[in-house]
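Undergrad: Below you'll find work-v1.txt; it's compact mmCIF, N, CA and C atoms.
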```
# COMPACT_ATOMS: atom_id res chain seq x y z
N MET A 141 9.34 -9.59 90.32
CA MET A 141 7.94 -9.76 90.63
C MET A 141 7.76 -10.46 91.97
N ASN A 142 8.57 -11.50 92.21
CA ASN A 142 8.49 -12.24 93.45
C ASN A 142 8.79 -11.33 94.64
N ARG A 143 9.76 -10.46 94.47
CA ARG A 143 10.14 -9.52 95.54
C ARG A 143 9.00 -8.53 95.80
N PHE A 144 8.32 -8.09 94.75
CA PHE A 144 7.19 -7.18 94.89
C PHE A 144 6.05 -7.82 95.68
N VAL A 145 5.74 -9.08 95.40
CA VAL A 145 4.66 -9.80 96.09
C VAL A 145 5.00 -9.96 97.57
N LYS A 146 6.25 -10.30 97.86
CA LYS A 146 6.67 -10.44 99.26
C LYS A 146 6.58 -9.10 99.99
N SER A 147 7.02 -8.04 99.35
CA SER A 147 6.96 -6.71 99.96
C SER A 147 5.52 -6.29 100.21
N ALA A 148 4.66 -6.56 99.25
CA ALA A 148 3.24 -6.21 99.41
C ALA A 148 2.61 -7.00 100.56
N ALA A 149 2.96 -8.28 100.64
CA ALA A 149 2.42 -9.12 101.72
C ALA A 149 2.89 -8.61 103.08
N VAL A 150 4.16 -8.26 103.18
CA VAL A 150 4.69 -7.73 104.43
C VAL A 150 4.00 -6.41 104.80
N LEU A 151 3.77 -5.55 103.83
CA LEU A 151 3.08 -4.29 104.09
C LEU A 151 1.65 -4.50 104.56
N VAL A 152 0.96 -5.45 103.97
CA VAL A 152 -0.41 -5.75 104.40
C VAL A 152 -0.42 -6.27 105.82
N VAL A 153 0.49 -7.17 106.14
CA VAL A 153 0.56 -7.71 107.50
C VAL A 153 0.86 -6.59 108.49
N ILE A 154 1.81 -5.72 108.17
CA ILE A 154 2.15 -4.61 109.05
C ILE A 154 0.95 -3.68 109.22
N ALA A 155 0.26 -3.39 108.15
CA ALA A 155 -0.91 -2.50 108.22
C ALA A 155 -2.00 -3.09 109.09
N VAL A 156 -2.25 -4.39 108.94
CA VAL A 156 -3.30 -5.04 109.72
C VAL A 156 -2.89 -5.13 111.18
N VAL A 157 -1.68 -5.56 111.44
CA VAL A 157 -1.23 -5.73 112.83
C VAL A 157 -1.07 -4.38 113.53
N SER A 158 -0.55 -3.38 112.86
CA SER A 158 -0.35 -2.09 113.50
C SER A 158 -1.66 -1.34 113.66
N GLY A 159 -2.67 -1.71 112.91
CA GLY A 159 -3.96 -1.04 113.00
C GLY A 159 -4.89 -1.75 113.97
N CYS A 160 -4.37 -2.20 115.08
CA CYS A 160 -5.18 -2.90 116.06
C CYS A 160 -6.26 -1.95 116.56
N PHE A 161 -7.39 -2.03 115.92
CA PHE A 161 -8.49 -1.13 116.23
C PHE A 161 -9.14 -1.56 117.53
N ASN A 162 -9.29 -0.62 118.44
CA ASN A 162 -9.92 -0.89 119.73
C ASN A 162 -10.57 0.40 120.18
N ALA A 163 -11.88 0.41 120.27
CA ALA A 163 -12.59 1.61 120.72
C ALA A 163 -13.65 1.21 121.75
N ARG A 164 -13.76 2.01 122.80
CA ARG A 164 -14.77 1.79 123.84
C ARG A 164 -15.53 3.10 124.03
N VAL A 165 -16.85 3.00 124.00
CA VAL A 165 -17.71 4.16 124.21
C VAL A 165 -18.55 3.87 125.45
N GLU A 166 -18.53 4.79 126.41
CA GLU A 166 -19.33 4.65 127.62
C GLU A 166 -20.30 5.82 127.68
N THR A 167 -21.59 5.52 127.87
CA THR A 167 -22.62 6.56 127.84
C THR A 167 -22.88 7.19 129.20
N GLY A 168 -22.37 6.59 130.26
CA GLY A 168 -22.64 7.11 131.60
C GLY A 168 -23.80 6.41 132.28
N LEU A 169 -24.52 5.57 131.55
CA LEU A 169 -25.60 4.79 132.15
C LEU A 169 -25.02 3.60 132.89
N VAL A 170 -25.76 3.09 133.86
CA VAL A 170 -25.30 1.96 134.65
C VAL A 170 -25.44 0.67 133.83
N PRO A 171 -24.34 -0.09 133.63
CA PRO A 171 -24.41 -1.30 132.81
C PRO A 171 -25.22 -2.40 133.48
N SER A 172 -25.91 -3.20 132.66
CA SER A 172 -26.63 -4.37 133.15
C SER A 172 -25.83 -5.62 132.78
N GLN A 173 -26.42 -6.78 133.03
CA GLN A 173 -25.78 -8.04 132.68
C GLN A 173 -26.05 -8.45 131.23
N GLU A 174 -26.97 -7.73 130.56
CA GLU A 174 -27.35 -8.05 129.17
C GLU A 174 -26.27 -7.55 128.21
N VAL A 175 -25.67 -8.48 127.46
CA VAL A 175 -24.60 -8.14 126.52
C VAL A 175 -24.93 -8.75 125.16
N ILE A 176 -24.85 -7.94 124.13
CA ILE A 176 -25.03 -8.41 122.76
C ILE A 176 -23.64 -8.38 122.12
N GLU A 177 -23.22 -9.52 121.58
CA GLU A 177 -21.87 -9.58 121.01
C GLU A 177 -21.93 -10.15 119.60
N GLU A 178 -21.32 -9.44 118.68
CA GLU A 178 -21.19 -9.92 117.31
C GLU A 178 -19.70 -10.12 117.06
N LYS A 179 -19.27 -11.38 117.00
CA LYS A 179 -17.84 -11.69 116.93
C LYS A 179 -17.26 -11.58 115.52
N TRP A 180 -18.09 -11.60 114.50
CA TRP A 180 -17.58 -11.57 113.13
C TRP A 180 -18.30 -10.51 112.32
N ALA A 181 -18.36 -9.29 112.82
CA ALA A 181 -18.98 -8.19 112.07
C ALA A 181 -18.11 -7.91 110.84
N PRO A 182 -18.70 -7.98 109.64
CA PRO A 182 -17.89 -7.86 108.43
C PRO A 182 -17.40 -6.44 108.16
N SER A 183 -16.12 -6.32 108.00
CA SER A 183 -15.47 -5.07 107.64
C SER A 183 -14.55 -5.38 106.46
N TRP A 184 -14.36 -4.42 105.59
CA TRP A 184 -13.62 -4.68 104.35
C TRP A 184 -12.49 -3.69 104.14
N ILE A 185 -11.49 -4.09 103.41
CA ILE A 185 -10.34 -3.29 102.99
C ILE A 185 -9.67 -2.61 104.19
N ILE A 186 -9.18 -3.45 105.09
CA ILE A 186 -8.47 -3.03 106.30
C ILE A 186 -9.29 -2.02 107.10
N GLY A 187 -10.61 -2.21 107.12
CA GLY A 187 -11.49 -1.36 107.92
C GLY A 187 -12.00 -0.12 107.22
N ALA A 188 -11.63 0.06 105.95
CA ALA A 188 -12.11 1.24 105.23
C ALA A 188 -13.62 1.20 105.03
N VAL A 189 -14.17 0.00 104.89
CA VAL A 189 -15.62 -0.17 104.80
C VAL A 189 -16.06 -0.78 106.13
N SER A 190 -16.77 0.01 106.93
CA SER A 190 -17.14 -0.44 108.27
C SER A 190 -18.30 -1.42 108.24
N PRO A 191 -18.47 -2.18 109.32
CA PRO A 191 -19.55 -3.16 109.37
C PRO A 191 -20.92 -2.47 109.46
N PRO A 192 -21.98 -3.21 109.14
CA PRO A 192 -23.32 -2.62 109.24
C PRO A 192 -23.68 -2.34 110.71
N THR A 193 -24.68 -1.50 110.89
CA THR A 193 -25.15 -1.13 112.23
C THR A 193 -25.69 -2.35 112.97
N VAL A 194 -25.33 -2.47 114.23
CA VAL A 194 -25.85 -3.54 115.07
C VAL A 194 -27.12 -3.00 115.73
N GLU A 195 -28.26 -3.61 115.42
CA GLU A 195 -29.55 -3.17 115.96
C GLU A 195 -29.75 -3.76 117.35
N VAL A 196 -29.78 -2.91 118.38
CA VAL A 196 -29.94 -3.40 119.75
C VAL A 196 -31.11 -2.74 120.48
N ALA A 197 -31.92 -1.95 119.79
CA ALA A 197 -33.01 -1.21 120.43
C ALA A 197 -33.98 -2.15 121.15
N SER A 198 -34.34 -3.26 120.53
CA SER A 198 -35.30 -4.17 121.16
C SER A 198 -34.66 -4.96 122.30
N ALA A 199 -33.38 -5.24 122.20
CA ALA A 199 -32.69 -5.99 123.26
C ALA A 199 -32.30 -5.10 124.44
N CYS A 200 -32.18 -3.79 124.21
CA CYS A 200 -31.77 -2.85 125.26
C CYS A 200 -32.85 -1.77 125.43
N PRO A 201 -33.99 -2.09 126.04
CA PRO A 201 -35.07 -1.11 126.16
C PRO A 201 -34.71 0.10 127.04
N ASN A 202 -33.71 -0.03 127.89
CA ASN A 202 -33.30 1.08 128.76
C ASN A 202 -32.10 1.84 128.21
N GLY A 203 -31.71 1.54 126.99
CA GLY A 203 -30.58 2.21 126.37
C GLY A 203 -29.32 1.38 126.45
N VAL A 204 -28.24 1.97 125.98
CA VAL A 204 -26.94 1.29 125.92
C VAL A 204 -25.99 1.95 126.91
N ALA A 205 -25.28 1.13 127.68
CA ALA A 205 -24.31 1.64 128.64
C ALA A 205 -22.92 1.70 128.04
N GLN A 206 -22.54 0.68 127.26
CA GLN A 206 -21.19 0.63 126.70
C GLN A 206 -21.21 -0.03 125.32
N VAL A 207 -20.29 0.42 124.47
CA VAL A 207 -20.04 -0.23 123.19
C VAL A 207 -18.53 -0.41 123.08
N HIS A 208 -18.11 -1.64 122.79
CA HIS A 208 -16.68 -1.93 122.68
C HIS A 208 -16.47 -2.63 121.33
N THR A 209 -15.64 -2.04 120.48
CA THR A 209 -15.32 -2.65 119.19
C THR A 209 -13.82 -2.91 119.15
N TYR A 210 -13.46 -4.09 118.64
CA TYR A 210 -12.04 -4.45 118.59
C TYR A 210 -11.84 -5.60 117.61
N HIS A 211 -10.57 -5.87 117.30
CA HIS A 211 -10.18 -7.01 116.48
C HIS A 211 -9.61 -8.07 117.42
N SER A 212 -10.27 -9.21 117.49
CA SER A 212 -9.74 -10.32 118.29
C SER A 212 -8.57 -10.96 117.53
N PHE A 213 -7.89 -11.88 118.18
CA PHE A 213 -6.78 -12.56 117.53
C PHE A 213 -7.26 -13.28 116.27
N LEU A 214 -8.41 -13.97 116.37
CA LEU A 214 -8.93 -14.69 115.21
C LEU A 214 -9.38 -13.72 114.11
N ASN A 215 -9.96 -12.59 114.50
CA ASN A 215 -10.32 -11.57 113.51
C ASN A 215 -9.08 -11.13 112.73
N MET A 216 -8.00 -10.87 113.44
CA MET A 216 -6.77 -10.41 112.80
C MET A 216 -6.14 -11.51 111.95
N LEU A 217 -6.24 -12.75 112.41
CA LEU A 217 -5.70 -13.86 111.63
C LEU A 217 -6.42 -13.96 110.28
N VAL A 218 -7.74 -13.84 110.29
CA VAL A 218 -8.51 -13.87 109.04
C VAL A 218 -8.13 -12.69 108.16
N ALA A 219 -7.94 -11.53 108.77
CA ALA A 219 -7.55 -10.35 107.99
C ALA A 219 -6.20 -10.58 107.31
N VAL A 220 -5.26 -11.18 108.01
CA VAL A 220 -3.95 -11.45 107.41
C VAL A 220 -4.08 -12.48 106.29
N LEU A 221 -4.86 -13.52 106.52
CA LEU A 221 -5.03 -14.57 105.51
C LEU A 221 -5.72 -14.07 104.25
N THR A 222 -6.56 -13.04 104.39
CA THR A 222 -7.24 -12.47 103.22
C THR A 222 -6.55 -11.22 102.71
N SER A 223 -5.32 -10.99 103.15
CA SER A 223 -4.52 -9.83 102.75
C SER A 223 -5.23 -8.51 103.04
N GLY A 224 -6.02 -8.49 104.10
CA GLY A 224 -6.69 -7.26 104.52
C GLY A 224 -7.96 -6.94 103.75
N ILE A 225 -8.34 -7.80 102.82
CA ILE A 225 -9.57 -7.53 102.07
C ILE A 225 -10.78 -7.70 102.97
N TYR A 226 -10.85 -8.81 103.68
CA TYR A 226 -11.92 -9.05 104.66
C TYR A 226 -11.30 -8.92 106.04
N THR A 227 -11.73 -7.92 106.80
CA THR A 227 -11.17 -7.67 108.13
C THR A 227 -12.31 -7.63 109.15
N PRO A 228 -12.75 -8.78 109.62
CA PRO A 228 -13.86 -8.81 110.57
C PRO A 228 -13.46 -8.18 111.90
N MET A 229 -14.46 -7.74 112.66
CA MET A 229 -14.20 -7.19 113.98
C MET A 229 -15.26 -7.69 114.96
N THR A 230 -14.97 -7.55 116.23
CA THR A 230 -15.90 -7.93 117.28
C THR A 230 -16.55 -6.67 117.82
N ILE A 231 -17.87 -6.71 117.95
CA ILE A 231 -18.63 -5.59 118.51
C ILE A 231 -19.38 -6.11 119.73
N LYS A 232 -19.15 -5.48 120.86
CA LYS A 232 -19.76 -5.90 122.12
C LYS A 232 -20.56 -4.73 122.70
N VAL A 233 -21.88 -4.91 122.85
CA VAL A 233 -22.77 -3.86 123.35
C VAL A 233 -23.32 -4.31 124.70
N THR A 234 -23.16 -3.47 125.72
CA THR A 234 -23.70 -3.75 127.05
C THR A 234 -24.90 -2.84 127.27
N CYS A 235 -26.05 -3.46 127.56
CA CYS A 235 -27.28 -2.70 127.78
C CYS A 235 -27.22 -1.98 129.14
N ALA A 236 -28.06 -0.97 129.27
CA ALA A 236 -28.15 -0.21 130.53
C ALA A 236 -29.21 -0.82 131.44
N GLN A 237 -29.03 -0.64 132.74
CA GLN A 237 -30.01 -1.09 133.72
C GLN A 237 -31.23 -0.17 133.68
N ALA A 238 -32.36 -0.71 134.10
CA ALA A 238 -33.56 0.11 134.22
C ALA A 238 -33.32 1.16 135.30
N GLY A 239 -33.65 2.40 135.00
CA GLY A 239 -33.46 3.47 135.97
C GLY A 239 -32.02 3.89 136.13
N GLY A 240 -31.12 3.32 135.34
CA GLY A 240 -29.70 3.62 135.46
C GLY A 240 -29.37 5.05 135.12
N ASP A 241 -30.17 5.67 134.24
CA ASP A 241 -29.88 7.05 133.87
C ASP A 241 -30.10 7.99 135.04
N ASP A 242 -31.08 7.70 135.89
CA ASP A 242 -31.33 8.54 137.06
C ASP A 242 -30.15 8.46 138.02
N GLU A 243 -29.66 7.24 138.27
CA GLU A 243 -28.55 7.07 139.20
C GLU A 243 -27.27 7.69 138.67
N ALA A 244 -27.00 7.47 137.40
CA ALA A 244 -25.74 7.95 136.82
C ALA A 244 -25.68 9.47 136.78
N SER A 245 -26.80 10.12 136.51
CA SER A 245 -26.81 11.57 136.38
C SER A 245 -27.00 12.27 137.72
N GLY A 246 -27.39 11.51 138.75
CA GLY A 246 -27.66 12.13 140.05
C GLY A 246 -28.99 12.87 140.05
N ALA A 247 -29.91 12.47 139.18
CA ALA A 247 -31.18 13.15 139.02
C ALA A 247 -32.03 13.02 140.27
N SER A 248 -32.74 14.11 140.60
CA SER A 248 -33.71 14.10 141.68
C SER A 248 -35.08 13.82 141.08
N GLU A 249 -36.06 13.65 141.95
CA GLU A 249 -37.40 13.32 141.47
C GLU A 249 -38.43 14.18 142.18
N VAL A 250 -39.40 14.66 141.42
CA VAL A 250 -40.54 15.40 141.97
C VAL A 250 -41.78 14.64 141.54
N ARG A 251 -42.65 14.32 142.50
CA ARG A 251 -43.88 13.56 142.19
C ARG A 251 -45.09 14.49 142.22
N ILE A 252 -46.00 14.19 141.29
CA ILE A 252 -47.27 14.92 141.24
C ILE A 252 -48.37 13.89 141.39
N ASP A 253 -49.22 14.11 142.39
CA ASP A 253 -50.33 13.19 142.64
C ASP A 253 -51.30 13.19 141.47
N ALA A 254 -51.94 12.04 141.26
CA ALA A 254 -52.88 11.90 140.14
C ALA A 254 -54.05 12.87 140.26
N GLY A 255 -54.49 13.14 141.47
CA GLY A 255 -55.65 14.01 141.67
C GLY A 255 -55.29 15.48 141.89
N ALA A 256 -54.06 15.85 141.57
CA ALA A 256 -53.61 17.23 141.82
C ALA A 256 -54.35 18.21 140.90
N SER A 257 -54.61 19.40 141.44
CA SER A 257 -55.26 20.45 140.64
C SER A 257 -54.23 21.05 139.68
N MET A 258 -54.72 21.86 138.73
CA MET A 258 -53.82 22.48 137.76
C MET A 258 -52.82 23.38 138.47
N GLU A 259 -53.25 24.10 139.49
CA GLU A 259 -52.35 24.98 140.24
C GLU A 259 -51.26 24.18 140.95
N GLU A 260 -51.63 23.02 141.52
CA GLU A 260 -50.66 22.17 142.20
C GLU A 260 -49.65 21.60 141.19
N LYS A 261 -50.12 21.23 140.01
CA LYS A 261 -49.22 20.71 138.98
C LYS A 261 -48.23 21.77 138.54
N VAL A 262 -48.73 22.98 138.32
CA VAL A 262 -47.85 24.09 137.92
C VAL A 262 -46.82 24.35 139.01
N GLN A 263 -47.24 24.32 140.27
CA GLN A 263 -46.33 24.58 141.39
C GLN A 263 -45.26 23.48 141.48
N ARG A 264 -45.64 22.21 141.27
CA ARG A 264 -44.67 21.12 141.34
C ARG A 264 -43.66 21.22 140.19
N PHE A 265 -44.13 21.63 139.00
CA PHE A 265 -43.17 21.83 137.90
C PHE A 265 -42.22 22.98 138.22
N GLN A 266 -42.72 24.03 138.84
CA GLN A 266 -41.86 25.14 139.23
C GLN A 266 -40.85 24.68 140.29
N ASP A 267 -41.31 23.80 141.21
CA ASP A 267 -40.39 23.23 142.20
C ASP A 267 -39.27 22.44 141.51
N ALA A 268 -39.63 21.69 140.47
CA ALA A 268 -38.64 20.90 139.74
C ALA A 268 -37.63 21.81 139.05
N VAL A 269 -38.11 22.89 138.45
CA VAL A 269 -37.22 23.84 137.78
C VAL A 269 -36.27 24.47 138.80
N ASP A 270 -36.80 24.89 139.95
CA ASP A 270 -35.98 25.50 140.99
C ASP A 270 -34.92 24.52 141.51
N LEU A 271 -35.33 23.26 141.74
CA LEU A 271 -34.39 22.25 142.24
C LEU A 271 -33.28 21.99 141.22
N SER A 272 -33.63 21.94 139.95
CA SER A 272 -32.62 21.74 138.91
C SER A 272 -31.65 22.91 138.85
N ALA A 273 -32.18 24.12 138.99
CA ALA A 273 -31.31 25.31 138.98
C ALA A 273 -30.37 25.31 140.17
N GLU A 274 -30.84 24.88 141.33
CA GLU A 274 -30.02 24.85 142.54
C GLU A 274 -28.90 23.80 142.45
N THR A 275 -29.27 22.60 141.99
CA THR A 275 -28.31 21.49 142.01
C THR A 275 -27.48 21.39 140.73
N GLY A 276 -27.99 21.98 139.64
CA GLY A 276 -27.30 21.87 138.36
C GLY A 276 -27.44 20.49 137.75
N LYS A 277 -28.41 19.71 138.22
CA LYS A 277 -28.64 18.36 137.72
C LYS A 277 -30.08 18.21 137.28
N PRO A 278 -30.35 17.17 136.47
CA PRO A 278 -31.72 16.98 136.00
C PRO A 278 -32.67 16.60 137.12
N VAL A 279 -33.94 16.93 136.91
CA VAL A 279 -35.00 16.56 137.84
C VAL A 279 -36.08 15.86 137.03
N ILE A 280 -36.49 14.70 137.51
CA ILE A 280 -37.51 13.93 136.82
C ILE A 280 -38.85 14.19 137.49
N VAL A 281 -39.85 14.51 136.68
CA VAL A 281 -41.20 14.74 137.18
C VAL A 281 -42.02 13.50 136.88
N ARG A 282 -42.54 12.89 137.93
CA ARG A 282 -43.34 11.67 137.76
C ARG A 282 -44.76 11.92 138.22
N PHE A 283 -45.72 11.33 137.50
CA PHE A 283 -47.14 11.44 137.83
C PHE A 283 -47.62 10.18 138.49
```
Using structure tokens, write down the structure from this file.
TA:
Amino acid sequence: MNRFVKSAAVLVVIAVVSGCFNARVETGLVPSQEVIEEKWAPSWIIGAVSPPTVEVASACPNGVAQVHTYHSFLNMLVAVLTSGIYTPMTIKVTCAQAGGDDEASGASEVRIDAGASMEEKVQRFQDAVDLSAETGKPVIVRF
């Protein structure tokens, strides 16, 4: 029995240490200085039960530029001490800069004057469509 417990403990440690989870997602938006970090997001059974969603919509009104999830040294230490039952992780979200999507995508801009007639508005939208077709990139229409 003692040998079984030691073997199980070694297997849990190997599973936790070898499963060094590290994922980075980049959206292509320009990152800002605003960072939301949750250092102890609860995960269970060696990560089989993932942590709850981190709500960042109000903190990142321009969207999210990057998401980085990983196990810090202290996260892994807690996972080993709990035999992998509780395996916390760190989640780091970097917000996007205002207007960052335009810069990142290379989007052009077409402006329509407030007092433009319906024909002028239709023509400016057609100009935007033509420009997008020529460049292969998005075009933003602003009023």
Undergrad: For the strand (DSSP E or B) assignment from backbone DSSP, which residues of region 182-279 of chain A qualify? Please present them as a PDB file with N, CA and C atoms, in the coordinates of the input.
TA:
```pdb
ATOM      1  N   TRP A 184     -14.360  -4.420 105.590  1.00  0.00           N
ATOM      2  CA  TRP A 184     -13.620  -4.680 104.350  1.00  0.00           C
ATOM      3  C   TRP A 184     -12.490  -3.690 104.140  1.00  0.00           C
ATOM      4  N   VAL A 189     -14.170   0.000 104.890  1.00  0.00           N
ATOM      5  CA  VAL A 189     -15.620  -0.170 104.800  1.00  0.00           C
ATOM      6  C   VAL A 189     -16.060  -0.780 106.130  1.00  0.00           C
ATOM      7  N   VAL A 204     -28.240   1.970 125.980  1.00  0.00           N
ATOM      8  CA  VAL A 204     -26.940   1.290 125.920  1.00  0.00           C
ATOM      9  C   VAL A 204     -25.990   1.950 126.910  1.00  0.00           C
ATOM     10  N   ALA A 205     -25.280   1.130 127.680  1.00  0.00           N
ATOM     11  CA  ALA A 205     -24.310   1.640 128.640  1.00  0.00           C
ATOM     12  C   ALA A 205     -22.920   1.700 128.040  1.00  0.00           C
ATOM     13  N   GLN A 206     -22.540   0.680 127.260  1.00  0.00           N
ATOM     14  CA  GLN A 206     -21.190   0.630 126.700  1.00  0.00           C
ATOM     15  C   GLN A 206     -21.210  -0.030 125.320  1.00  0.00           C
ATOM     16  N   VAL A 207     -20.290   0.420 124.470  1.00  0.00           N
ATOM     17  CA  VAL A 207     -20.040  -0.230 123.190  1.00  0.00           C
ATOM     18  C   VAL A 207     -18.530  -0.410 123.080  1.00  0.00           C
ATOM     19  N   HIS A 208     -18.110  -1.640 122.790  1.00  0.00           N
ATOM     20  CA  HIS A 208     -16.680  -1.930 122.680  1.00  0.00           C
ATOM     21  C   HIS A 208     -16.470  -2.630 121.330  1.00  0.00           C
ATOM     22  N   THR A 209     -15.640  -2.040 120.480  1.00  0.00           N
ATOM     23  CA  THR A 209     -15.320  -2.650 119.190  1.00  0.00           C
ATOM     24  C   THR A 209     -13.820  -2.910 119.150  1.00  0.00           C
ATOM     25  N   TYR A 210     -13.460  -4.090 118.640  1.00  0.00           N
ATOM     26  CA  TYR A 210     -12.040  -4.450 118.590  1.00  0.00           C
ATOM     27  C   TYR A 210     -11.840  -5.600 117.610  1.00  0.00           C
ATOM     28  N   TYR A 226     -10.850  -8.810 103.680  1.00  0.00           N
ATOM     29  CA  TYR A 226     -11.920  -9.050 104.660  1.00  0.00           C
ATOM     30  C   TYR A 226     -11.300  -8.920 106.040  1.00  0.00           C
ATOM     31  N   MET A 229     -14.460  -7.740 112.660  1.00  0.00           N
ATOM     32  CA  MET A 229     -14.200  -7.190 113.980  1.00  0.00           C
ATOM     33  C   MET A 229     -15.260  -7.690 114.960  1.00  0.00           C
ATOM     34  N   THR A 230     -14.970  -7.550 116.230  1.00  0.00           N
ATOM     35  CA  THR A 230     -15.900  -7.930 117.280  1.00  0.00           C
ATOM     36  C   THR A 230     -16.550  -6.670 117.820  1.00  0.00           C
ATOM     37  N   ILE A 231     -17.870  -6.710 117.950  1.00  0.00           N
ATOM     38  CA  ILE A 231     -18.630  -5.590 118.510  1.00  0.00           C
ATOM     39  C   ILE A 231     -19.380  -6.110 119.730  1.00  0.00           C
ATOM     40  N   LYS A 232     -19.150  -5.480 120.860  1.00  0.00           N
ATOM     41  CA  LYS A 232     -19.760  -5.900 122.120  1.00  0.00           C
ATOM     42  C   LYS A 232     -20.560  -4.730 122.700  1.00  0.00           C
ATOM     43  N   VAL A 233     -21.880  -4.910 122.850  1.00  0.00           N
ATOM     44  CA  VAL A 233     -22.770  -3.860 123.350  1.00  0.00           C
ATOM     45  C   VAL A 233     -23.320  -4.310 124.700  1.00  0.00           C
ATOM     46  N   THR A 234     -23.160  -3.470 125.720  1.00  0.00           N
ATOM     47  CA  THR A 234     -23.700  -3.750 127.050  1.00  0.00           C
ATOM     48  C   THR A 234     -24.900  -2.840 127.270  1.00  0.00           C
ATOM     49  N   CYS A 235     -26.050  -3.460 127.560  1.00  0.00           N
ATOM     50  CA  CYS A 235     -27.280  -2.700 127.780  1.00  0.00           C
ATOM     51  C   CYS A 235     -27.220  -1.980 129.140  1.00  0.00           C
ATOM     52  N   ALA A 236     -28.060  -0.970 129.270  1.00  0.00           N
ATOM     53  CA  ALA A 236     -28.150  -0.210 130.530  1.00  0.00           C
ATOM     54  C   ALA A 236     -29.210  -0.820 131.440  1.00  0.00           C
ATOM     55  N   SER A 248     -32.740  14.110 140.600  1.00  0.00           N
ATOM     56  CA  SER A 248     -33.710  14.100 141.680  1.00  0.00           C
ATOM     57  C   SER A 248     -35.080  13.820 141.080  1.00  0.00           C
ATOM     58  N   GLU A 249     -36.060  13.650 141.950  1.00  0.00           N
ATOM     59  CA  GLU A 249     -37.400  13.320 141.470  1.00  0.00           C
ATOM     60  C   GLU A 249     -38.430  14.180 142.180  1.00  0.00           C
ATOM     61  N   VAL A 250     -39.400  14.660 141.420  1.00  0.00           N
ATOM     62  CA  VAL A 250     -40.540  15.400 141.970  1.00  0.00           C
ATOM     63  C   VAL A 250     -41.780  14.640 141.540  1.00  0.00           C
ATOM     64  N   ARG A 251     -42.650  14.320 142.500  1.00  0.00           N
ATOM     65  CA  ARG A 251     -43.880  13.560 142.190  1.00  0.00           C
ATOM     66  C   ARG A 251     -45.090  14.490 142.220  1.00  0.00           C
ATOM     67  N   VAL A 279     -33.940  16.930 136.910  1.00  0.00           N
ATOM     68  CA  VAL A 279     -35.000  16.560 137.840  1.00  0.00           C
ATOM     69  C   VAL A 279     -36.080  15.860 137.030  1.00  0.00           C
TER      70      VAL A 279
END
```
Undergrad: So the first atom is CA of Thr222 (chain A) and the second is CA of Arg143 (chain A); what is the distance between them in Å, to one decimal place?
TA: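 According to the coordinates, CA of Thr222 (chain A) and CA of Arg143 (chain A) are separated by 19.2 Å.
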Undergrad: Write out as a ChimeraX atom specification which residues come within 8 Å of Asn215 (chain A) when counting all atoms listed in the file, dropping same-chain ones fewer than 4 positions away.
TA: /A:179-180,210-211,219-221,226-230
Undergrad: Could you tell me which of A:Val279, A:Val207, A:Leu271, A:Val262 comes closest to Glu166 (chain A) if we count only C-alpha atoms?
TA: A:Val207
Undergrad: Counting all atoms listed in the file, which residue out of A:Val233, A:Ala247, A:Val145, A:Ala197 sits closest to Pro278 (chain A)?
TA: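 Comparing A:Val233, A:Ala247, A:Val145, A:Ala197 against Pro278 (chain A), the winner is A:Ala247.
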Undergrad: Can you work out the spacing between CA of Thr209 (chain A) and atom C of Ala236 (chain A) in Å, to one decimal?
TA: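 Rounded to one decimal, the two atoms are 18.6 Å apart.
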Undergrad: May I ask for the distance between CA of Ala199 (chain A) and CA of Ser212 (chain A), given in Å to one decimal place?
TA: 23.9 Å
Undergrad: Ranking A:Trp184, A:Val196, A:Glu178, A:Arg251 by minimum distance to Ile225 (chain A) and counting only C-alpha atoms, which one comes first?
TA: A:Trp184
